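Have a look at the structure below before the remarks.
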Amino acid sequence: MRYDLLEKPDFSMVQVTFDAPGEQMVCESSAMVARDSAVDMKTSMQGGMMAALKRKMSGESIFQNTFTASAPGQRLFFAPSPEGDVEAINMDGYTPIMMQSGAYLGAAPTVQIDSSWGGAKGFFSGMGAVLIKATGTGPLFFASYGGIHAVDVGPAGYICDTGHVVAFTGGLTYNVTRLGGLRGLFASGEGLVCHFSGQGRLWMSTRNSASLVAFLNPFRPVQKSNG
Amino acid sequence: MQIDIGYRPAHSMARVALNPGEQILAESGALVGMSTNVSMTTGMQNKPGGGLLGGLMAGLKRALAGESWFRNTFTANGGPGEVLLAHAMCGDMQVVEVPGTGLHLTSSSFIASTPNVNIETRLQGFGGFFSGEGAFVMQASAQGPNQLVFGSFGGITCLNCDGNLVIDTGHLVAWDSTLTYKVGKSGGGWIASFLSGEGLVCHFQGQGRIWIQSRNPIAYGQYVGGMLPPRKG
């Protein structure tokens, strides 16, 4: 199969063109935008009920859709929910990718997504989201609200607001700390920062939804008191 | 230092490359990430004073009202450093040099500057400068080479004023201090202004540049917020 990223960078969408019958792509439910009618779509609780429930706990949807081509040249288009970018990674079978669970968009079935891998509990405070791990080979797609900025992390390390962590390669070690007096400096306002070190790549978002929500909240109508 | 703006025009982020020992001053809530050798200190600059700008309409009540506005200092220690800065809202950013004649900005537009840029806050009397927004106006001045980063909600357009221009205050980002300006109602009276929906406008006179943003954050907040369930007051 081939894939293209369309409408980059603000409203990125993936176009997959299947080359042979039987080729498959697995996507988060609600990610599909369009497909050729002859592409088969099956909804499942991937990995069975228990795995699906673990996914629910980790912030992904219970259901995933598996798309199967029946002829060469068939197309599938899928996209994430927020405005922003999509990153495509060709998994090489050696380097796992850790992602914020809400960032996962889709992957070939040869990529295994482990939702039960807890990662650092509380990595993302207050959102109920955790880190999930991708291993295996083939295309993996993740997305973020805002732009996706990649940083090559070396021994000197890098510091990132946890609300802006999208994904990172498995070779990096990370340490989440809570800032006290300096929390107002960081963009998501939660005061949680992650210190990455080792050798690998970190993908960061240039926007975070907590700040958007904080901006909009005061504009909600005020509840009138009863009686 | 080198400041590069990426991910324009909607999700812009400034990447500030600092030489060893160099400093950048940035507003709170802008820091996304940084190299590990950058130290941060919060700082107080130019208290705007109390009694600011009560909101006229249900809208954003900036925590700034009554509080001090401050820039925070980021320093690269023992080697080159990097700081990533972004706005909360979707929109663009630009790096400009503050001219010797000075530059005015709206408080929500300021993102960062070199330490040699001096910022003073300017209060705008009756009714406030921005209807419903607890914001204020700043004036930047500097001697010698400098850099200032401002950001917008929406896209940034630079207008050349040569005579007169009228601009909705919610769409203002920055302007040359060579311009004189006066805030007023958009219509003949308060009712006309209210009905026009245009709120407060700024009348500019003279020669200079005015940077405007293509969306008004207050209008956007009301548009979306008005459709959301009520909150407890």
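Naming works like this for the structure tokens: A, B, ... for the chains as they're shown, residue 1 at the start of each chain, ligands 1 onward in shown order.
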Distance query Gly163 (chain B) at most 9 Å, only C-alpha atoms, self and fewer than 2 positions along chain excluded, as an MDAnalysis selection string: chainID B and resid 161 165 204:207
Leu228 (chain B) surroundings by only C-alpha atoms, 10 Å radius, close-in-sequence under 3 positions cut, as a VMD selection string: (chain A and resid 216 to 217 219 to 221) or (chain B and resid 222 to 225 231)
Go ahead and save the picked residues with C-alpha atoms, as a PDB file, in the first residue's frame.
```
ATOM      1  CA  LEU A 216     -13.575  29.407  26.211  1.00  0.00           C
ATOM      2  CA  ASN A 217     -14.901  28.493  29.649  1.00  0.00           C
ATOM      3  CA  PHE A 219     -17.727  32.663  27.768  1.00  0.00           C
ATOM      4  CA  ARG A 220     -20.238  29.978  28.728  1.00  0.00           C
ATOM      5  CA  PRO A 221     -23.585  31.348  29.907  1.00  0.00           C
TER       6      PRO A 221
ATOM      7  CA  GLN B 222     -18.865  34.403  22.617  1.00  0.00           C
ATOM      8  CA  TYR B 223     -19.648  32.468  19.461  1.00  0.00           C
ATOM      9  CA  VAL B 224     -18.520  29.132  20.852  1.00  0.00           C
ATOM     10  CA  GLY B 225     -19.126  29.740  24.528  1.00  0.00           C
ATOM     11  CA  ARG B 231     -21.544  27.028  34.039  1.00  0.00           C
TER      12      ARG B 231
END
```
Distance-based interface of chain A with chain B, 6 Å, counting only C-alpha atoms, as a list in words: Gly146, Gly147, Tyr158, Ile159, Cys160, Asp161, Gly184, Leu185, Phe186, Ala187, Ser211, Leu216, Pro218, Phe219, Arg220, Pro221, Val222 and Gln223 of chain A
Those residues with N, CA and C atoms, as a tab-separated table (two decimals), in the first residue's frame please?
```tsv
chain	number	residue	atom	x	y	z
A	146	GLY	N	-2.87	21.15	16.70
A	146	GLY	CA	-1.76	22.04	16.44
A	146	GLY	C	-0.72	21.37	15.55
A	147	GLY	N	0.40	22.03	15.39
A	147	GLY	CA	1.48	21.48	14.60
A	147	GLY	C	2.25	20.43	15.36
A	158	TYR	N	16.07	16.96	26.81
A	158	TYR	CA	15.14	18.02	26.43
A	158	TYR	C	14.01	18.04	27.43
A	159	ILE	N	13.45	19.24	27.64
A	159	ILE	CA	12.36	19.41	28.60
A	159	ILE	C	11.11	19.85	27.85
A	160	CYS	N	9.97	19.24	28.17
A	160	CYS	CA	8.74	19.54	27.45
A	160	CYS	C	7.56	19.56	28.42
A	161	ASP	N	6.66	20.50	28.22
A	161	ASP	CA	5.39	20.51	28.94
A	161	ASP	C	4.66	19.21	28.60
A	184	GLY	N	3.26	28.51	36.14
A	184	GLY	CA	2.60	29.46	35.26
A	184	GLY	C	3.37	29.75	33.99
A	185	LEU	N	4.63	29.35	33.96
A	185	LEU	CA	5.44	29.61	32.78
A	185	LEU	C	5.03	28.73	31.61
A	186	PHE	N	4.61	27.50	31.92
A	186	PHE	CA	4.41	26.54	30.86
A	186	PHE	C	3.02	26.62	30.26
A	187	ALA	N	2.95	26.21	29.00
A	187	ALA	CA	1.79	26.51	28.17
A	187	ALA	C	0.51	25.84	28.65
A	211	SER	N	-5.59	24.75	27.16
A	211	SER	CA	-5.56	26.21	27.07
A	211	SER	C	-6.75	26.75	26.30
A	216	LEU	N	-12.15	29.39	26.56
A	216	LEU	CA	-13.58	29.41	26.21
A	216	LEU	C	-14.48	29.37	27.43
A	218	PRO	N	-14.91	30.87	30.36
A	218	PRO	CA	-15.60	32.05	30.88
A	218	PRO	C	-16.70	32.59	29.96
A	219	PHE	N	-16.71	32.18	28.69
A	219	PHE	CA	-17.73	32.66	27.77
A	219	PHE	C	-19.01	31.85	27.83
A	220	ARG	N	-19.01	30.76	28.60
A	220	ARG	CA	-20.24	29.98	28.73
A	220	ARG	C	-21.26	30.79	29.48
A	221	PRO	N	-22.57	30.61	29.14
A	221	PRO	CA	-23.59	31.35	29.91
A	221	PRO	C	-23.51	30.93	31.37
A	222	VAL	N	-23.84	31.86	32.25
A	222	VAL	CA	-23.80	31.56	33.67
A	222	VAL	C	-25.13	30.97	34.08
A	223	GLN	N	-25.06	29.88	34.82
A	223	GLN	CA	-26.26	29.19	35.27
A	223	GLN	C	-27.07	30.10	36.17
```
DSSP strand (DSSP E) selection over region 20-218 of chain A, as number ranges by chain: A: 24-28, 32-35, 40-44, 64-68, 75-78, 86-92, 97-100, 104-107, 111-114, 131-143, 148-153, 158-161, 165-169, 173-178, 192-197, 200-205
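When CA of Asn160 (chain B) is paired with CA of Val95 (chain B), their separation reads 17.6 Å.
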CA of Asn116 (chain B) to CA of Cys202 (chain B), straight-line distance in Å: 28.9 Å
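Closest approach to Gly138 (chain A) among A:Met25, A:Val14, A:Met99, A:Val166 is made by A:Met25 (distances from only C-alpha atoms).
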